[in-house]
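K.L.:
Dropping a structure here in structure tokens format, bear with me for questions.
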Amino acid sequence: MSVNIEVAKVMDLKGLACPMPVVKVSKGIKEVEVGEIIEAISTDPGSLTDFPAWARTSGNEIVDTQQSEEEIKFYIKRLA
Amino acid sequence: MEELEKQMELLKAQIDATGNRMPDNKVSLIVFSGDLDKALAAFVIATGAVAMGMDVVMFFTFWGTPLLRDKNKKVGGKDTMSKMFGAMLPTGAKEAKLSKMNMGGMGTMMMKSLMEKKNVSSLEGFIELAEELGVRIFICEMSMDLMGFKREEMIDYEHKTYGGVAGFLEEAANSKIQLFI
């Protein structure tokens, strides 16, 4: 948690409902270079299962997930 | 040596044939229903599949076809039966009703306001998003003909084609996922 992750791009997906968080992230990740990390902030509880499923299928990596009461932060490394 | 070459060739042909049998990373959806809730489910899957890196094609047939009519496009020259069908069926996605708890339109209205509150896109919004994402739409020619719809009254949609069952089957046979909604 205390490890600093260098983020190339932050995506605010708060308030968005299924399937928008993954739709937006799949587009947004193309805007950073391979190897860079994006931070995606979602309030959709479905994201907790959707983001890992999306990452596995699209060949990207979730390096960290931080969940608080209000939001979920995903740190996703572009690999594909 | 010659024998070996022959076997190699045979093996190569077999590998090629296997490659052809592998389905594409594609989803084929049949949108048979014109109900709001079912069409929404179809579009959530379609747009989600694009996010997963899949190619998506949606086949609109029967009650699904009127969802793609454009309210602002009027066409003349229809016979009485076609006019009747035209008047009774929804003119576009905006007029679609819930399959359950419609309650004379009250239920659908309540669901729509809930969707707005919860930030769930409208069906019209989903169609626009699908177009932006490159989801292909294939409209059944026979349904159009049966219900008396003309091509000129369908919505503008960049990746739209018309066709029959063979077109669908070709796509479905090469898809990993096929769904009937």
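Following the order of the structure tokens, chains are lettered A, B, ..., residues in each are numbered from 1, and ligands are numbered from 1.
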Please identify every residue of chain A that has at least one atom no farther than 10 Å from an atom of chain B, counting only C-alpha atoms, and for each give the shortest atom pair and the distance in Å to one decimal, arranged by chain then increasing number, as a tab-separated table.
P.N.:
residue	atom	partner	partner_atom	distance
A:Gly15	CA	B:Asn119	CA	6.6
A:Leu16	CA	B:Asn119	CA	5.9
A:Ala17	CA	B:Val120	CA	5.5
A:Cys18	CA	B:Val120	CA	7.4
A:Pro19	CA	B:Gly48	CA	5.6
A:Met20	CA	B:Gly48	CA	7.9
A:Pro21	CA	B:Gly48	CA	9.4
A:Val22	CA	B:Ala51	CA	6.1
A:Val23	CA	B:Ala51	CA	4.8
A:Lys24	CA	B:Ala51	CA	7.9
A:Val25	CA	B:Ala51	CA	7.9
A:Ser26	CA	B:Ala51	CA	5.2
A:Lys27	CA	B:Ala51	CA	7.6
A:Asp50	CA	B:Gly48	CA	9.9
A:Ala53	CA	B:Met52	CA	8.7
A:Trp54	CA	B:Met52	CA	5.8
A:Ala55	CA	B:Met52	CA	8.3
A:Arg56	CA	B:Met52	CA	9.2
A:Thr57	CA	B:Met52	CA	6.2
A:Ser58	CA	B:Met52	CA	5.8
A:Gly59	CA	B:Met52	CA	9.5
K.L.:
DSSP says strand (DSSP E) for which residues of stretch 52-90 of chain B? Put them as JSON, numbers by chain?
P.N.:
{"B": [55, 56, 57, 58, 59, 60]}
K.L.:
Would you mind exporting C-alpha atoms of the selected residues as a short mmCIF file (atom, residue, chain, number, x, y, z; two decimals), in the first residue's frame?
P.N.:
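Dumped everything to selection.cif:
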data_model
loop_
_atom_site.label_atom_id
_atom_site.label_comp_id
_atom_site.auth_asym_id
_atom_site.auth_seq_id
_atom_site.Cartn_x
_atom_site.Cartn_y
_atom_site.Cartn_z
CA ASP B 55 -15.16 -8.73 -32.48
CA VAL B 56 -18.95 -8.42 -32.11
CA VAL B 57 -21.81 -8.88 -34.53
CA MET B 58 -25.49 -8.46 -33.59
CA PHE B 59 -28.24 -9.97 -35.72
CA PHE B 60 -31.54 -8.19 -35.42
#
K.L.:
Could you please determine the separation between atom CA of B:Met101 and atom CA of B:Ser33 in Å, to one decimal place?
P.N.:
16.1 Å
K.L.:
Need the shell around A:Thr65: protein/DNA/RNA residues with any atom at most 9 Å away, counting only C-alpha atoms. Skip same-chain ones fewer than 2 positions apart. Format as a list in words?
P.N.:
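Listed by chain and then number, they are Leu48, Ile62, Val63, Gln67, Ile72, Lys73, Phe74, Tyr75 and Ile76 of chain A.
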K.L.:
Please, could you write that set of residues out with C-alpha atoms as a PDB file, in the first residue's frame?
P.N.:
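Just written: result.pdb:
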ATOM      1  CA  LEU A  48     -13.913  -5.945  -8.401  1.00  0.00           C
ATOM      2  CA  ILE A  62      -3.453  -5.445 -12.380  1.00  0.00           C
ATOM      3  CA  VAL A  63      -0.466  -4.674 -10.196  1.00  0.00           C
ATOM      4  CA  GLN A  67     -10.396  -0.614  -1.892  1.00  0.00           C
ATOM      5  CA  ILE A  72     -11.873   1.088  -5.685  1.00  0.00           C
ATOM      6  CA  LYS A  73      -8.528   1.993  -7.217  1.00  0.00           C
ATOM      7  CA  PHE A  74      -6.975  -0.296  -9.792  1.00  0.00           C
ATOM      8  CA  TYR A  75      -3.389   0.030 -10.924  1.00  0.00           C
ATOM      9  CA  ILE A  76      -3.159  -1.560 -14.327  1.00  0.00           C
TER      10      ILE A  76
END
K.L.:
Which of these, A:Glu71, A:Glu31, A:Asp64, A:Glu6, has the shortest distance to A:Pro45 once you count only C-alpha atoms?
P.N.:
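With only C-alpha atoms as the atom set, the closest residue is A:Glu71.
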K.L.:
Need the shell around B:Arg69: protein/DNA/RNA residues with any atom at most 12 Å away, counting only C-alpha atoms. Skip same-chain ones fewer than 4 positions apart. Format as a PDB file with C-alpha atoms, in the first residue's frame?
P.N.:
ATOM      1  CA  GLY B  34     -37.789  -6.052 -28.916  1.00  0.00           C
ATOM      2  CA  PHE B  60     -31.538  -8.194 -35.419  1.00  0.00           C
ATOM      3  CA  TRP B  63     -39.271  -8.184 -32.783  1.00  0.00           C
ATOM      4  CA  GLY B  64     -35.734  -6.884 -32.539  1.00  0.00           C
ATOM      5  CA  THR B  65     -35.849  -5.128 -35.912  1.00  0.00           C
ATOM      6  CA  LYS B  73     -37.604   8.967 -41.128  1.00  0.00           C
ATOM      7  CA  LYS B  74     -40.963   8.552 -42.813  1.00  0.00           C
ATOM      8  CA  VAL B  75     -41.506   6.380 -45.814  1.00  0.00           C
ATOM      9  CA  GLY B  86     -45.616  -0.106 -38.441  1.00  0.00           C
ATOM     10  CA  ALA B  87     -48.036   1.672 -36.141  1.00  0.00           C
ATOM     11  CA  LEU B  89     -44.517  -1.801 -33.176  1.00  0.00           C
ATOM     12  CA  PRO B  90     -42.057   0.536 -31.466  1.00  0.00           C
ATOM     13  CA  THR B  91     -40.500   3.157 -33.698  1.00  0.00           C
ATOM     14  CA  GLY B  92     -36.960   2.916 -32.449  1.00  0.00           C
ATOM     15  CA  ALA B  93     -35.206   1.996 -29.222  1.00  0.00           C
ATOM     16  CA  LYS B  94     -36.765   4.853 -27.282  1.00  0.00           C
ATOM     17  CA  GLU B  95     -40.217   3.277 -27.503  1.00  0.00           C
ATOM     18  CA  ALA B  96     -39.186  -0.170 -26.294  1.00  0.00           C
ATOM     19  CA  GLU B 124     -30.316   4.706 -27.504  1.00  0.00           C
ATOM     20  CA  ILE B 127     -26.610   1.914 -29.754  1.00  0.00           C
ATOM     21  CA  ILE B 139     -30.545  -6.850 -39.979  1.00  0.00           C
ATOM     22  CA  MET B 144     -38.005  -6.379 -42.565  1.00  0.00           C
ATOM     23  CA  MET B 147     -43.255  -6.328 -41.072  1.00  0.00           C
ATOM     24  CA  GLY B 148     -43.134  -4.076 -44.085  1.00  0.00           C
ATOM     25  CA  PHE B 149     -40.086  -2.072 -42.960  1.00  0.00           C
ATOM     26  CA  LYS B 150     -38.028  -0.349 -45.599  1.00  0.00           C
ATOM     27  CA  ARG B 151     -34.303   0.267 -45.457  1.00  0.00           C
ATOM     28  CA  GLU B 152     -34.898   3.993 -45.723  1.00  0.00           C
ATOM     29  CA  GLU B 153     -36.629   4.064 -42.331  1.00  0.00           C
ATOM     30  CA  MET B 154     -33.831   2.369 -40.377  1.00  0.00           C
ATOM     31  CA  ILE B 155     -31.360   4.331 -38.240  1.00  0.00           C
ATOM     32  CA  ASP B 156     -28.058   5.571 -39.604  1.00  0.00           C
ATOM     33  CA  TYR B 157     -25.441   3.212 -38.242  1.00  0.00           C
TER      34      TYR B 157
END
K.L.:
Please extract the residues of stretch 19-74 of chain B with a backbone DSSP assignment of helix (DSSP H, G or I) and present them as a list in words.
P.N.:
Gly19, Asn20, Arg21, Leu36, Asp37, Lys38, Ala39, Leu40, Ala41, Ala42, Phe43, Val44, Ile45, Ala46, Thr47, Gly48, Ala49, Val50, Ala51, Phe62, Trp63, Gly64, Thr65, Pro66, Leu67 and Leu68 of chain B
K.L.:
As a ChimeraX atom specification, please: the residues near stretch 160-164 of chain B (cut-off 7 Å, only C-alpha atoms, same-chain neighbours under 3 positions excluded).
P.N.:
/B:136-141,157,167-168
K.L.:
Please compute the atom CA of A:Ala40-atom CA of A:Lys14 distance, one decimal, in Å.
P.N.:
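Spanning atom CA of A:Ala40 to atom CA of A:Lys14 is a straight-line distance of 9.1 Å.
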K.L.:
Considering only C-alpha atoms, return as a CSV table (one decimal) with all heavy atoms, in the first residue's frame whatever protein or nucleic-acid residues lie within 9 Å of B:Lys97, sequence-local ones (same chain, fewer than 2 positions apart) excluded.
P.N.:
chain,number,residue,atom,x,y,z
B,34,GLY,N,-37.7,-7.5,-28.8
B,34,GLY,CA,-37.8,-6.1,-28.9
B,34,GLY,C,-38.0,-5.4,-27.6
B,34,GLY,O,-38.3,-4.2,-27.4
B,35,ASP,N,-37.9,-6.3,-26.5
B,35,ASP,CA,-38.1,-5.7,-25.1
B,35,ASP,C,-36.9,-4.9,-24.7
B,35,ASP,O,-35.8,-5.3,-25.0
B,35,ASP,CB,-38.3,-6.9,-24.1
B,35,ASP,CG,-39.6,-7.7,-24.4
B,35,ASP,OD1,-40.6,-7.1,-24.9
B,35,ASP,OD2,-39.6,-8.9,-24.2
B,36,LEU,N,-37.2,-3.8,-24.0
B,36,LEU,CA,-36.2,-2.9,-23.5
B,36,LEU,C,-35.1,-3.7,-22.7
B,36,LEU,O,-33.9,-3.5,-22.9
B,36,LEU,CB,-36.8,-1.8,-22.7
B,36,LEU,CG,-35.9,-0.9,-22.0
B,36,LEU,CD1,-35.1,0.0,-23.0
B,36,LEU,CD2,-36.7,0.1,-21.0
B,37,ASP,N,-35.6,-4.4,-21.7
B,37,ASP,CA,-34.6,-5.1,-20.8
B,37,ASP,C,-33.7,-6.1,-21.5
B,37,ASP,O,-32.5,-6.1,-21.3
B,37,ASP,CB,-35.4,-5.8,-19.6
B,37,ASP,CG,-36.7,-6.4,-20.1
B,37,ASP,OD1,-36.9,-6.6,-21.3
B,37,ASP,OD2,-37.5,-6.8,-19.2
B,90,PRO,N,-42.8,-0.7,-31.9
B,90,PRO,CA,-42.1,0.5,-31.5
B,90,PRO,C,-41.3,1.1,-32.6
B,90,PRO,O,-40.8,0.4,-33.5
B,90,PRO,CB,-41.1,0.0,-30.4
B,90,PRO,CG,-41.1,-1.5,-30.5
B,90,PRO,CD,-42.4,-1.8,-31.1
B,94,LYS,N,-36.2,4.0,-28.3
B,94,LYS,CA,-36.8,4.9,-27.3
B,94,LYS,C,-38.2,4.4,-26.9
B,94,LYS,O,-38.6,4.6,-25.8
B,94,LYS,CB,-36.8,6.3,-27.8
B,94,LYS,CG,-36.7,7.3,-26.7
B,94,LYS,CD,-36.7,8.7,-27.2
B,94,LYS,CE,-36.7,9.6,-26.0
B,94,LYS,NZ,-35.7,10.7,-26.1
B,95,GLU,N,-38.8,3.7,-27.8
B,95,GLU,CA,-40.2,3.3,-27.5
B,95,GLU,C,-40.3,1.9,-27.0
B,95,GLU,O,-41.4,1.3,-26.8
B,95,GLU,CB,-41.1,3.4,-28.8
B,95,GLU,CG,-41.3,4.9,-29.1
B,95,GLU,CD,-42.2,5.0,-30.4
B,95,GLU,OE1,-42.8,4.0,-30.8
B,95,GLU,OE2,-42.3,6.2,-30.8
B,99,SER,N,-40.1,-6.2,-20.6
B,99,SER,CA,-40.8,-7.5,-20.8
B,99,SER,C,-41.7,-7.8,-19.6
B,99,SER,O,-42.7,-8.6,-19.7
B,99,SER,CB,-39.8,-8.6,-21.1
B,99,SER,OG,-39.0,-8.8,-19.9
B,100,LYS,N,-41.3,-7.3,-18.5
B,100,LYS,CA,-42.1,-7.5,-17.2
B,100,LYS,C,-42.4,-6.2,-16.6
B,100,LYS,O,-41.6,-5.3,-16.7
B,100,LYS,CB,-41.3,-8.4,-16.3
B,100,LYS,CG,-41.3,-9.9,-16.6
B,100,LYS,CD,-40.7,-10.7,-15.5
B,100,LYS,CE,-41.0,-12.1,-15.7
B,100,LYS,NZ,-40.0,-12.7,-16.5
B,102,ASN,N,-44.4,-3.8,-17.1
B,102,ASN,CA,-44.6,-2.6,-17.9
B,102,ASN,C,-45.7,-1.7,-17.3
B,102,ASN,O,-45.6,-0.5,-17.2
B,102,ASN,CB,-44.8,-2.9,-19.3
B,102,ASN,CG,-45.0,-1.7,-20.2
B,102,ASN,OD1,-44.2,-0.8,-20.0
B,102,ASN,ND2,-46.0,-1.7,-21.1
B,105,GLY,N,-46.9,1.1,-19.2
B,105,GLY,CA,-45.9,2.1,-19.5
B,105,GLY,C,-45.3,2.7,-18.2
B,105,GLY,O,-44.2,3.3,-18.3
B,107,GLY,N,-44.2,1.2,-15.5
B,107,GLY,CA,-43.0,0.4,-15.1
B,107,GLY,C,-41.8,0.8,-15.9
B,107,GLY,O,-40.7,1.0,-15.4
B,108,THR,N,-42.1,0.9,-17.2
B,108,THR,CA,-40.9,1.3,-18.1
B,108,THR,C,-40.4,2.7,-17.8
B,108,THR,O,-39.2,2.9,-17.7
B,108,THR,CB,-41.4,1.2,-19.6
B,108,THR,OG1,-41.8,-0.1,-19.9
B,108,THR,CG2,-40.3,1.6,-20.5
B,109,MET,N,-41.4,3.6,-17.5
B,109,MET,CA,-41.0,4.9,-17.1
B,109,MET,C,-40.1,4.9,-15.9
B,109,MET,O,-39.1,5.6,-15.8
B,109,MET,CB,-42.2,5.8,-16.9
B,109,MET,CG,-42.2,7.1,-17.7
B,109,MET,SD,-43.8,7.9,-17.6
B,109,MET,CE,-43.9,8.3,-15.8
K.L.:
Identify which of the residues A:Ser42, A:Glu69, A:Val32, A:Leu79 lies closest to A:Leu13, counting only C-alpha atoms when measuring atom-to-atom distances.
P.N.:
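Smallest separation from A:Leu13 among the options: A:Ser42.
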